[in-house]
Structures are given as structure tokens and as C-alpha cells.
$ cat model00.cif   # mmCIF, N, CA, C and O atoms
data_start
#
loop_
_atom_site.label_atom_id
_atom_site.label_comp_id
_atom_site.auth_asym_id
_atom_site.auth_seq_id
_atom_site.Cartn_x
_atom_site.Cartn_y
_atom_site.Cartn_z
N ASP V 1 113.25 107.38 -48.92
CA ASP V 1 114.34 107.35 -47.96
C ASP V 1 114.78 105.92 -47.68
O ASP V 1 115.98 105.66 -47.58
N LEU V 2 113.82 105.02 -47.56
CA LEU V 2 114.16 103.62 -47.31
C LEU V 2 114.95 103.03 -48.47
O LEU V 2 115.90 102.29 -48.26
N LYS V 3 114.53 103.39 -49.67
CA LYS V 3 115.19 102.86 -50.86
C LYS V 3 116.69 103.20 -50.86
O LYS V 3 117.52 102.41 -51.27
N LYS V 4 117.02 104.40 -50.39
CA LYS V 4 118.41 104.84 -50.33
C LYS V 4 119.21 104.08 -49.27
O LYS V 4 120.41 103.88 -49.42
N LYS V 5 118.55 103.67 -48.20
CA LYS V 5 119.24 103.06 -47.06
C LYS V 5 119.29 101.54 -47.10
O LYS V 5 120.11 100.93 -46.44
N LEU V 6 118.39 100.93 -47.84
CA LEU V 6 118.32 99.47 -47.89
C LEU V 6 118.83 98.94 -49.21
O LEU V 6 118.66 99.57 -50.25
N ASN V 7 119.40 97.79 -49.16
CA ASN V 7 119.87 97.15 -50.38
C ASN V 7 118.86 96.07 -50.80
O ASN V 7 119.21 94.94 -51.08
N LEU V 8 117.58 96.47 -50.79
CA LEU V 8 116.49 95.58 -51.14
C LEU V 8 115.56 96.29 -52.11
O LEU V 8 115.38 97.50 -52.01
N PRO V 9 114.96 95.55 -53.01
CA PRO V 9 113.98 96.20 -53.89
C PRO V 9 112.73 96.59 -53.10
O PRO V 9 112.29 95.85 -52.22
N ILE V 10 112.21 97.75 -53.38
CA ILE V 10 111.00 98.23 -52.71
C ILE V 10 109.97 98.54 -53.79
O ILE V 10 110.27 99.26 -54.75
N ILE V 11 108.78 97.99 -53.65
CA ILE V 11 107.71 98.22 -54.62
C ILE V 11 106.92 99.44 -54.18
O ILE V 11 106.43 99.51 -53.05
N ASN V 12 106.78 100.40 -55.07
CA ASN V 12 106.00 101.59 -54.82
C ASN V 12 104.59 101.31 -55.36
O ASN V 12 104.33 101.44 -56.55
N MET V 13 103.69 100.90 -54.47
CA MET V 13 102.37 100.48 -54.91
C MET V 13 101.60 101.55 -55.68
O MET V 13 101.02 101.25 -56.73
N PRO V 14 101.55 102.81 -55.20
CA PRO V 14 100.81 103.81 -56.00
C PRO V 14 101.39 103.95 -57.40
O PRO V 14 100.63 104.07 -58.37
N LYS V 15 102.70 103.90 -57.54
CA LYS V 15 103.32 104.00 -58.86
C LYS V 15 102.97 102.80 -59.73
O LYS V 15 102.67 102.94 -60.92
N GLU V 16 102.98 101.60 -59.15
CA GLU V 16 102.64 100.39 -59.91
C GLU V 16 101.18 100.40 -60.34
O GLU V 16 100.86 100.03 -61.47
N VAL V 17 100.30 100.83 -59.46
CA VAL V 17 98.88 100.92 -59.80
C VAL V 17 98.67 101.95 -60.91
O VAL V 17 97.92 101.72 -61.85
N PHE V 18 99.38 103.06 -60.81
CA PHE V 18 99.28 104.09 -61.84
C PHE V 18 99.76 103.55 -63.19
O PHE V 18 99.09 103.73 -64.20
N ASN V 19 100.90 102.89 -63.21
CA ASN V 19 101.43 102.35 -64.47
C ASN V 19 100.46 101.33 -65.09
O ASN V 19 100.26 101.32 -66.30
N HIS V 20 99.87 100.50 -64.25
CA HIS V 20 98.88 99.53 -64.73
C HIS V 20 97.66 100.26 -65.32
O HIS V 20 97.15 99.89 -66.38
N THR V 21 97.22 101.29 -64.62
CA THR V 21 96.06 102.05 -65.06
C THR V 21 96.34 102.75 -66.39
O THR V 21 95.47 102.80 -67.27
N LEU V 22 97.54 103.29 -66.55
CA LEU V 22 97.91 103.94 -67.81
C LEU V 22 97.76 102.99 -68.99
O LEU V 22 97.34 103.40 -70.07
N LYS V 23 98.10 101.72 -68.78
CA LYS V 23 98.03 100.73 -69.85
C LYS V 23 96.59 100.32 -70.15
O LYS V 23 96.27 99.92 -71.27
N ARG V 24 95.72 100.37 -69.16
CA ARG V 24 94.38 99.81 -69.29
C ARG V 24 93.26 100.83 -69.50
O ARG V 24 92.19 100.48 -69.98
N CYS V 25 93.48 102.07 -69.10
CA CYS V 25 92.39 103.05 -69.10
C CYS V 25 92.71 104.27 -69.95
O CYS V 25 93.87 104.66 -70.07
N LYS V 26 91.68 104.87 -70.50
CA LYS V 26 91.85 106.10 -71.28
C LYS V 26 92.18 107.25 -70.34
O LYS V 26 91.69 107.31 -69.21
N LYS V 27 93.00 108.17 -70.84
CA LYS V 27 93.32 109.36 -70.04
C LYS V 27 92.04 110.12 -69.72
O LYS V 27 91.08 110.08 -70.47
N ASN V 28 92.05 110.77 -68.59
CA ASN V 28 90.93 111.55 -68.07
C ASN V 28 89.74 110.70 -67.65
O ASN V 28 88.66 111.23 -67.40
N SER V 29 89.94 109.38 -67.57
CA SER V 29 88.88 108.50 -67.06
C SER V 29 88.71 108.72 -65.56
O SER V 29 89.62 109.15 -64.87
N PHE V 30 87.52 108.39 -65.09
CA PHE V 30 87.27 108.36 -63.65
C PHE V 30 87.77 107.02 -63.13
O PHE V 30 87.43 105.97 -63.67
N ILE V 31 88.57 107.05 -62.09
CA ILE V 31 89.15 105.85 -61.49
C ILE V 31 88.74 105.80 -60.03
O ILE V 31 89.01 106.73 -59.27
N GLY V 32 88.06 104.73 -59.64
CA GLY V 32 87.66 104.57 -58.26
C GLY V 32 88.80 104.04 -57.42
O GLY V 32 89.49 103.10 -57.82
N LEU V 33 89.03 104.66 -56.28
CA LEU V 33 90.09 104.23 -55.38
C LEU V 33 89.49 103.68 -54.09
O LEU V 33 88.80 104.39 -53.37
N LEU V 34 89.74 102.40 -53.85
CA LEU V 34 89.35 101.79 -52.59
C LEU V 34 90.62 101.64 -51.77
O LEU V 34 91.53 100.90 -52.14
N ALA V 35 90.69 102.38 -50.68
CA ALA V 35 91.88 102.40 -49.85
C ALA V 35 91.48 102.74 -48.42
O ALA V 35 90.34 103.15 -48.17
N THR V 36 92.42 102.58 -47.51
CA THR V 36 92.14 102.97 -46.13
C THR V 36 91.97 104.48 -46.07
O THR V 36 92.45 105.22 -46.94
N GLU V 37 91.31 104.93 -45.02
CA GLU V 37 91.12 106.36 -44.85
C GLU V 37 92.47 107.07 -44.72
O GLU V 37 92.66 108.17 -45.24
N GLY V 38 93.41 106.43 -44.06
CA GLY V 38 94.75 107.00 -43.91
C GLY V 38 95.45 107.18 -45.24
O GLY V 38 96.07 108.22 -45.49
N THR V 39 95.35 106.18 -46.10
CA THR V 39 95.96 106.27 -47.43
C THR V 39 95.32 107.39 -48.23
O THR V 39 96.02 108.17 -48.89
N ILE V 40 94.01 107.51 -48.17
CA ILE V 40 93.32 108.57 -48.90
C ILE V 40 93.76 109.94 -48.38
O ILE V 40 94.04 110.85 -49.16
N LYS V 41 93.87 110.08 -47.06
CA LYS V 41 94.27 111.36 -46.47
C LYS V 41 95.67 111.78 -46.90
O LYS V 41 95.93 112.98 -47.07
N THR V 42 96.57 110.84 -47.10
CA THR V 42 97.94 111.21 -47.48
C THR V 42 98.00 111.81 -48.88
O THR V 42 98.91 112.56 -49.19
N GLY V 43 97.05 111.45 -49.75
CA GLY V 43 97.04 111.94 -51.11
C GLY V 43 98.11 111.32 -52.00
O GLY V 43 98.40 111.81 -53.08
N ILE V 44 98.70 110.22 -51.54
CA ILE V 44 99.80 109.58 -52.27
C ILE V 44 99.38 109.15 -53.67
O ILE V 44 100.15 109.27 -54.62
N TYR V 45 98.16 108.66 -53.83
CA TYR V 45 97.71 108.24 -55.17
C TYR V 45 97.47 109.46 -56.06
O TYR V 45 97.70 109.41 -57.26
N ASN V 46 97.02 110.57 -55.47
CA ASN V 46 96.79 111.79 -56.24
C ASN V 46 98.07 112.28 -56.89
O ASN V 46 98.03 112.82 -58.00
N LYS V 47 99.19 112.10 -56.23
CA LYS V 47 100.48 112.55 -56.78
C LYS V 47 100.75 111.90 -58.13
O LYS V 47 101.39 112.49 -58.99
N PHE V 48 100.28 110.69 -58.31
CA PHE V 48 100.48 109.98 -59.57
C PHE V 48 99.33 110.19 -60.55
O PHE V 48 99.55 110.32 -61.75
N PHE V 49 98.11 110.22 -60.04
CA PHE V 49 96.93 110.16 -60.91
C PHE V 49 96.39 111.51 -61.37
O PHE V 49 95.79 111.59 -62.44
N ASP V 50 96.56 112.55 -60.62
CA ASP V 50 95.85 113.81 -60.89
C ASP V 50 96.09 114.41 -62.27
O ASP V 50 95.21 115.08 -62.81
N LYS V 51 97.23 114.21 -62.87
CA LYS V 51 97.51 114.80 -64.18
C LYS V 51 96.84 114.04 -65.33
O LYS V 51 96.63 114.58 -66.40
N ASN V 52 96.53 112.76 -65.10
CA ASN V 52 96.02 111.92 -66.19
C ASN V 52 94.62 111.35 -65.97
O ASN V 52 93.98 110.91 -66.92
N PHE V 53 94.18 111.32 -64.72
CA PHE V 53 92.90 110.68 -64.39
C PHE V 53 92.17 111.49 -63.33
O PHE V 53 92.74 112.38 -62.71
N LYS V 54 90.92 111.11 -63.11
CA LYS V 54 90.12 111.74 -62.07
C LYS V 54 89.80 110.67 -61.02
O LYS V 54 88.99 109.78 -61.28
N LEU V 55 90.47 110.75 -59.88
CA LEU V 55 90.20 109.78 -58.82
C LEU V 55 88.87 110.09 -58.15
O LEU V 55 88.54 111.25 -57.89
N ILE V 56 88.11 109.04 -57.89
CA ILE V 56 86.87 109.19 -57.13
C ILE V 56 86.94 108.24 -55.94
O ILE V 56 87.62 107.21 -55.97
N TYR V 57 86.24 108.60 -54.89
CA TYR V 57 86.31 107.87 -53.63
C TYR V 57 84.90 107.50 -53.17
O TYR V 57 83.94 108.18 -53.51
N PRO V 58 84.80 106.47 -52.35
CA PRO V 58 83.49 106.14 -51.79
C PRO V 58 83.01 107.26 -50.86
O PRO V 58 83.83 108.01 -50.32
N SER V 59 81.70 107.33 -50.68
CA SER V 59 81.17 108.28 -49.70
C SER V 59 81.69 107.88 -48.32
O SER V 59 82.16 106.76 -48.10
N LYS V 60 81.60 108.81 -47.38
CA LYS V 60 82.08 108.51 -46.01
C LYS V 60 81.32 107.32 -45.42
O LYS V 60 81.90 106.49 -44.73
N LYS V 61 80.03 107.23 -45.73
CA LYS V 61 79.21 106.13 -45.20
C LYS V 61 79.68 104.79 -45.78
O LYS V 61 79.84 103.81 -45.05
N ILE V 62 79.87 104.73 -47.09
CA ILE V 62 80.34 103.47 -47.71
C ILE V 62 81.75 103.14 -47.24
O ILE V 62 82.07 101.98 -46.98
N GLN V 63 82.60 104.17 -47.11
CA GLN V 63 83.95 103.93 -46.62
C GLN V 63 83.90 103.28 -45.24
O GLN V 63 84.54 102.26 -45.00
N LYS V 64 83.10 103.85 -44.37
CA LYS V 64 83.02 103.36 -42.99
C LYS V 64 82.35 101.99 -42.91
O LYS V 64 82.82 101.11 -42.20
N ASN V 65 81.26 101.80 -43.65
CA ASN V 65 80.47 100.57 -43.51
C ASN V 65 80.91 99.42 -44.40
O ASN V 65 80.54 98.28 -44.14
N SER V 66 81.66 99.69 -45.45
CA SER V 66 82.00 98.62 -46.37
C SER V 66 83.49 98.51 -46.67
O SER V 66 84.09 97.45 -46.51
N VAL V 67 84.10 99.60 -47.11
CA VAL V 67 85.49 99.55 -47.55
C VAL V 67 86.42 99.18 -46.39
O VAL V 67 87.26 98.29 -46.52
N ASN V 68 86.26 99.83 -45.26
CA ASN V 68 87.12 99.53 -44.11
C ASN V 68 87.00 98.06 -43.71
O ASN V 68 88.00 97.41 -43.41
N ASP V 69 85.78 97.54 -43.71
CA ASP V 69 85.57 96.13 -43.35
C ASP V 69 86.22 95.20 -44.37
O ASP V 69 86.83 94.19 -44.02
N ALA V 70 86.07 95.52 -45.65
CA ALA V 70 86.67 94.69 -46.70
C ALA V 70 88.19 94.67 -46.58
O ALA V 70 88.82 93.61 -46.68
N ILE V 71 88.80 95.82 -46.34
CA ILE V 71 90.26 95.89 -46.19
C ILE V 71 90.69 95.09 -44.97
O ILE V 71 91.69 94.35 -45.02
N LYS V 72 89.94 95.20 -43.90
CA LYS V 72 90.26 94.44 -42.68
C LYS V 72 90.24 92.93 -42.96
O LYS V 72 91.13 92.20 -42.54
N LEU V 73 89.22 92.47 -43.68
CA LEU V 73 89.12 91.05 -44.01
C LEU V 73 90.28 90.59 -44.89
O LEU V 73 90.83 89.49 -44.69
N VAL V 74 90.66 91.40 -45.85
CA VAL V 74 91.81 91.04 -46.71
C VAL V 74 93.07 90.92 -45.87
O VAL V 74 93.83 89.97 -46.01
N LYS V 75 93.27 91.87 -44.97
CA LYS V 75 94.47 91.82 -44.13
C LYS V 75 94.46 90.61 -43.20
O LYS V 75 95.52 90.12 -42.82
N MET V 76 93.27 90.10 -42.90
CA MET V 76 93.14 88.90 -42.07
C MET V 76 93.27 87.63 -42.91
O MET V 76 93.22 86.53 -42.37
N GLY V 77 93.38 87.78 -44.21
CA GLY V 77 93.50 86.62 -45.09
C GLY V 77 92.18 86.00 -45.48
O GLY V 77 92.12 84.83 -45.89
N LYS V 78 91.11 86.75 -45.37
CA LYS V 78 89.77 86.24 -45.71
C LYS V 78 89.24 86.91 -46.95
O LYS V 78 89.48 88.02 -47.25
#
$ encode --input "model00.cif" --output "C-alpha cells"
Amino acid sequence: DLKKKLNLPIINMPKEVFNHTLKRCKKNSFIGLLATEGTIKTGIYNKFFDKNFKLIYPSKKIQKNSVNDAIKLVKMGK
């Protein structure tokens, strides 16, 4: 919707990650996704990956204790 209303280029990150993965990985490979819990819940990456790859996610414990902290640090510039 934004793309239609704005006269600016918009990067679709899940699509870009998928295109990169297509070039680098064999079809039906397991691909680990490190993302926020919100991003995982939306299933946005699944829309691109499910036909060609098998997405895997961290356990809830690793997500809570490691991935969330790592994403927070990146967003803080660390």
C-alpha cells in the first residue's frame, strides 16, 4: 500500500532475503531465521520461503534469552 502512495523506492526485506537465499542455497534446504517474535508471528518470511525452503526458528528459550537481546543491541548500534 505504501509503495502505491509514495514516490520513493521501498525495499521489501523478506523478498530481498529470499532472492539472496535462492542464489546461495539449494532448494529444500533448512534456513534458520533470526527475527523478532513479531516478525515471526506475521509469517511474512514464510510467504516467500515455504515453497522452496524449510524455515527453522530458535526455541522459545533461545529466542527470549539470546535473539531478542541481539536484535536489541543491533538496533542500538552495538
$ atom_distance --input "model00.cif" --atom1 "atom CA of Lys54 of chain V" --atom2 "atom CA of Leu33 of chain V"
10.1 Å
$ select_by_dssp --input "model00.cif" --residues "chain V" --states "strand (DSSP E)" --output "list of chain:residue names"
V:Phe30, V:Ile31, V:Gly32, V:Lys54, V:Leu55, V:Ile56
$ residues_near_point --input "model00.cif" --point "(99.1, 107.2, -52.5)" --cutoff "4.5 Å" --atoms "all atoms listed in the file" --output "ChimeraX atom specification"
/V:43-45
$ atom_distance --input "model00.cif" --atom1 "atom N of Leu34 of chain V" --atom2 "atom C of Leu8 of chain V"
26.6 Å
$ atom_distance --input "model00.cif" --atom1 "atom C of Phe18 of chain V" --atom2 "atom O of Phe48 of chain V"
6.9 Å
$ resolve_selection --input "model00.cif" --expression "the PyMOL selection byres ((chain V and resi 14) around 8)" --output "JSON, numbers by chain"
{"V": [11, 12, 13, 15, 16, 17, 18, 19, 20, 21, 44, 45, 46, 47, 48, 49]}
$ select_by_dssp --input "model00.cif" --residues "chain V" --states "helix (DSSP H, G or I)" --output "VMD selection string"
chain V and resid 2 to 5 13 to 24 37 to 42 44 to 49 60 to 75
$ axis_aligned_box --input "model00.cif" --around "segment 71-76 of chain V" --padding-each-side "3 Å" --output "AutoDock Vina command-line options"
--center_x 92.2 --center_y 91.2 --center_z -44.4 --size_x 12.7 --size_y 15.4 --size_z 10.6
$ closest_atom_pairs --input "model00.cif" --of "segment 19-53 of chain V" --to "segment 61-68 of chain V" --cutoff "8 Å" --atoms "only N, CA, C and O atoms" --output "CSV"
residue,atom,partner,partner_atom,distance
V:Leu34,CA,V:Val67,CA,6.7
V:Ala35,O,V:Val67,C,5.9
V:Thr36,CA,V:Asn68,CA,6.4
V:Glu37,N,V:Asn68,CA,6.9
$ resolve_selection --input "model00.cif" --expression "the PyMOL selection byres (((chain V and resi 32 and name CA) around 6) and name CA)" --output "JSON, numbers by chain"
{"V": [31, 33, 55, 56, 57]}
$ resolve_selection --input "model00.cif" --expression "the PyMOL selection byres ((chain V and resi 29) around 5)" --output "ChimeraX atom specification"
/V:26-28,30-31,52-54
